[in-house]
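**Student:** Below you'll find entry-v2.pdb; it's PDB, C-alpha atoms.
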```pdb
MODEL        1
ATOM      1  CA  MET V   1       0.000   0.000   0.000
ATOM      2  CA  GLY V   2       1.153   3.491  -0.764
ATOM      3  CA  PRO V   3       1.285   6.446   1.586
ATOM      4  CA  MET V   4      -2.026   7.967   2.652
ATOM      5  CA  LYS V   5      -3.045  11.213   1.006
ATOM      6  CA  GLN V   6      -3.619  14.221   3.193
ATOM      7  CA  THR V   7      -6.930  15.953   2.578
ATOM      8  CA  ALA V   8      -6.943  19.654   1.801
ATOM      9  CA  ARG V   9      -8.321  21.898   4.506
ATOM     10  CA  PRO V  10      -9.573  25.450   4.142
ATOM     11  CA  PRO V  11      -7.187  28.202   5.274
ATOM     12  CA  GLY V  12      -7.505  29.025   8.947
ATOM     13  CA  HIS V  13      -9.004  25.622   9.802
ATOM     14  CA  ARG V  14      -8.476  24.584  13.388
ATOM     15  CA  PRO V  15      -9.699  21.285  14.837
ATOM     16  CA  VAL V  16     -12.323  21.592  17.555
ATOM     17  CA  ARG V  17     -11.218  20.129  20.851
ATOM     18  CA  THR V  18     -13.832  19.269  23.446
ATOM     19  CA  PRO V  19     -13.337  17.919  26.947
ATOM     20  CA  ILE V  20     -14.156  14.260  27.425
ATOM     21  CA  GLY V  21     -17.828  13.732  28.212
ATOM     22  CA  THR V  22     -19.156  16.837  26.475
ATOM     23  CA  ALA V  23     -20.913  17.077  23.161
ATOM     24  CA  ALA V  24     -19.233  18.785  20.247
ATOM     25  CA  VAL V  25     -20.811  21.940  18.875
ATOM     26  CA  SER V  26     -22.585  21.187  15.634
ATOM     27  CA  ALA V  27     -24.034  23.251  12.847
ATOM     28  CA  PRO V  28     -27.672  24.298  13.116
ATOM     29  CA  PRO V  29     -30.164  21.963  11.449
ATOM     30  CA  PRO V  30     -30.897  22.703   7.811
ATOM     31  CA  ALA V  31     -33.948  24.795   7.028
ATOM     32  CA  ARG V  32     -37.079  22.710   6.592
ATOM     33  CA  ALA V  33     -38.085  22.299   2.991
ATOM     34  CA  ALA V  34     -41.569  23.400   2.028
ATOM     35  CA  THR V  35     -43.892  20.413   1.866
ATOM     36  CA  ARG V  36     -46.091  19.955  -1.156
ATOM     37  CA  ARG V  37     -49.694  18.907  -0.811
ATOM     38  CA  ARG V  38     -51.260  16.481  -3.224
ATOM     39  CA  PRO V  39     -54.130  17.665  -5.360
ATOM     40  CA  ALA V  40     -57.550  16.687  -4.005
ATOM     41  CA  SER V  41     -58.076  14.157  -6.807
ATOM     42  CA  GLN V  42     -54.984  12.182  -5.774
ATOM     43  CA  GLN V  43     -56.017  12.357  -2.122
ATOM     44  CA  TRP V  44     -59.388  10.787  -2.937
ATOM     45  CA  ALA V  45     -57.685   8.122  -5.045
ATOM     46  CA  ALA V  46     -55.450   7.165  -2.133
ATOM     47  CA  TRP V  47     -58.448   6.768   0.181
ATOM     48  CA  ALA V  48     -60.324   4.801  -2.488
ATOM     49  CA  PHE V  49     -57.507   2.247  -2.646
ATOM     50  CA  LEU V  50     -57.218   2.025   1.139
ATOM     51  CA  ALA V  51     -60.946   1.646   1.849
ATOM     52  CA  PRO V  52     -61.383  -1.983   0.640
ATOM     53  CA  VAL V  53     -58.312  -3.177   2.537
ATOM     54  CA  THR V  54     -59.419  -1.398   5.687
ATOM     55  CA  LEU V  55     -62.936  -2.782   5.392
ATOM     56  CA  TYR V  56     -61.572  -6.313   4.899
ATOM     57  CA  LEU V  57     -59.329  -6.058   7.957
ATOM     58  CA  VAL V  58     -62.116  -4.699  10.134
ATOM     59  CA  LEU V  59     -64.677  -7.310   9.029
ATOM     60  CA  PHE V  60     -62.504 -10.426   9.107
ATOM     61  CA  TYR V  61     -59.943  -9.631  11.821
ATOM     62  CA  ALA V  62     -61.168  -6.938  14.203
ATOM     63  CA  TYR V  63     -64.862  -7.896  14.370
ATOM     64  CA  PRO V  64     -64.291 -11.552  15.330
ATOM     65  CA  LEU V  65     -61.916 -10.524  18.080
TER      66      LEU V  65
ENDMDL
END
```
Once more with this new file: its structure as C-alpha coordinates, please.
**Tutor:**
Amino acid sequence: MGPMKQTARPPGHRPVRTPIGTAAVSAPPPARAATRRRPASQQWAAWAFLAPVTLYLVLFYAYPL
(Lines of atoms letter the chains of each structure in order from A and count residues from 1; the text may use other names and numbers.)
(Lines give C-alpha, C1' and ligand atoms only; values in the text may rest on other atoms or scores of the structure.)
Protein backbone atom coordinates (compact mmCIF):
# COMPACT_ATOMS: atom_id res chain seq x y z
CA MET A 1 0.00 0.00 0.00
CA GLY A 2 1.15 3.49 -0.76
CA PRO A 3 1.28 6.45 1.59
CA MET A 4 -2.03 7.97 2.65
CA LYS A 5 -3.05 11.21 1.01
CA GLN A 6 -3.62 14.22 3.19
CA THR A 7 -6.93 15.95 2.58
CA ALA A 8 -6.94 19.65 1.80
CA ARG A 9 -8.32 21.90 4.51
CA PRO A 10 -9.57 25.45 4.14
CA PRO A 11 -7.19 28.20 5.27
CA GLY A 12 -7.50 29.02 8.95
CA HIS A 13 -9.00 25.62 9.80
CA ARG A 14 -8.48 24.58 13.39
CA PRO A 15 -9.70 21.29 14.84
CA VAL A 16 -12.32 21.59 17.55
CA ARG A 17 -11.22 20.13 20.85
CA THR A 18 -13.83 19.27 23.45
CA PRO A 19 -13.34 17.92 26.95
CA ILE A 20 -14.16 14.26 27.43
CA GLY A 21 -17.83 13.73 28.21
CA THR A 22 -19.16 16.84 26.48
CA ALA A 23 -20.91 17.08 23.16
CA ALA A 24 -19.23 18.79 20.25
CA VAL A 25 -20.81 21.94 18.87
CA SER A 26 -22.58 21.19 15.63
CA ALA A 27 -24.03 23.25 12.85
CA PRO A 28 -27.67 24.30 13.12
CA PRO A 29 -30.16 21.96 11.45
CA PRO A 30 -30.90 22.70 7.81
CA ALA A 31 -33.95 24.79 7.03
CA ARG A 32 -37.08 22.71 6.59
CA ALA A 33 -38.09 22.30 2.99
CA ALA A 34 -41.57 23.40 2.03
CA THR A 35 -43.89 20.41 1.87
CA ARG A 36 -46.09 19.95 -1.16
CA ARG A 37 -49.69 18.91 -0.81
CA ARG A 38 -51.26 16.48 -3.22
CA PRO A 39 -54.13 17.67 -5.36
CA ALA A 40 -57.55 16.69 -4.01
CA SER A 41 -58.08 14.16 -6.81
CA GLN A 42 -54.98 12.18 -5.77
CA GLN A 43 -56.02 12.36 -2.12
CA TRP A 44 -59.39 10.79 -2.94
CA ALA A 45 -57.68 8.12 -5.05
CA ALA A 46 -55.45 7.17 -2.13
CA TRP A 47 -58.45 6.77 0.18
CA ALA A 48 -60.32 4.80 -2.49
CA PHE A 49 -57.51 2.25 -2.65
CA LEU A 50 -57.22 2.02 1.14
CA ALA A 51 -60.95 1.65 1.85
CA PRO A 52 -61.38 -1.98 0.64
CA VAL A 53 -58.31 -3.18 2.54
CA THR A 54 -59.42 -1.40 5.69
CA LEU A 55 -62.94 -2.78 5.39
CA TYR A 56 -61.57 -6.31 4.90
CA LEU A 57 -59.33 -6.06 7.96
CA VAL A 58 -62.12 -4.70 10.13
CA LEU A 59 -64.68 -7.31 9.03
CA PHE A 60 -62.50 -10.43 9.11
CA TYR A 61 -59.94 -9.63 11.82
CA ALA A 62 -61.17 -6.94 14.20
CA TYR A 63 -64.86 -7.90 14.37
CA PRO A 64 -64.29 -11.55 15.33
CA LEU A 65 -61.92 -10.52 18.08
**Student:** Between atom CA of Leu50 of chain V and atom CA of Thr35 of chain V, what is the distance, to one decimal in Å?
**Tutor:**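 Spanning atom CA of Leu50 of chain V to atom CA of Thr35 of chain V is a straight-line distance of 22.7 Å.
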**Student:** To one decimal in Å, tell me the separation between atom CA of Ser41 of chain V and atom CA of Tyr56 of chain V.
**Tutor:**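 Here the two named atoms are 23.8 Å from each other.
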**Student:** Need the axis-aligned box for segment 54-60 of chain V with 4 Å each side, so what are the centre and edges in Å to one decimal, as AutoDock Vina command-line options?
**Tutor:**
```
--center_x -62.0 --center_y -5.9 --center_z 7.5 --size_x 13.3 --size_y 17.0 --size_z 13.2
```
**Student:** One number please: atom CA of Pro11 of chain V to atom CA of Pro28 of chain V, in Å, one decimal.
**Tutor:** 22.3 Å
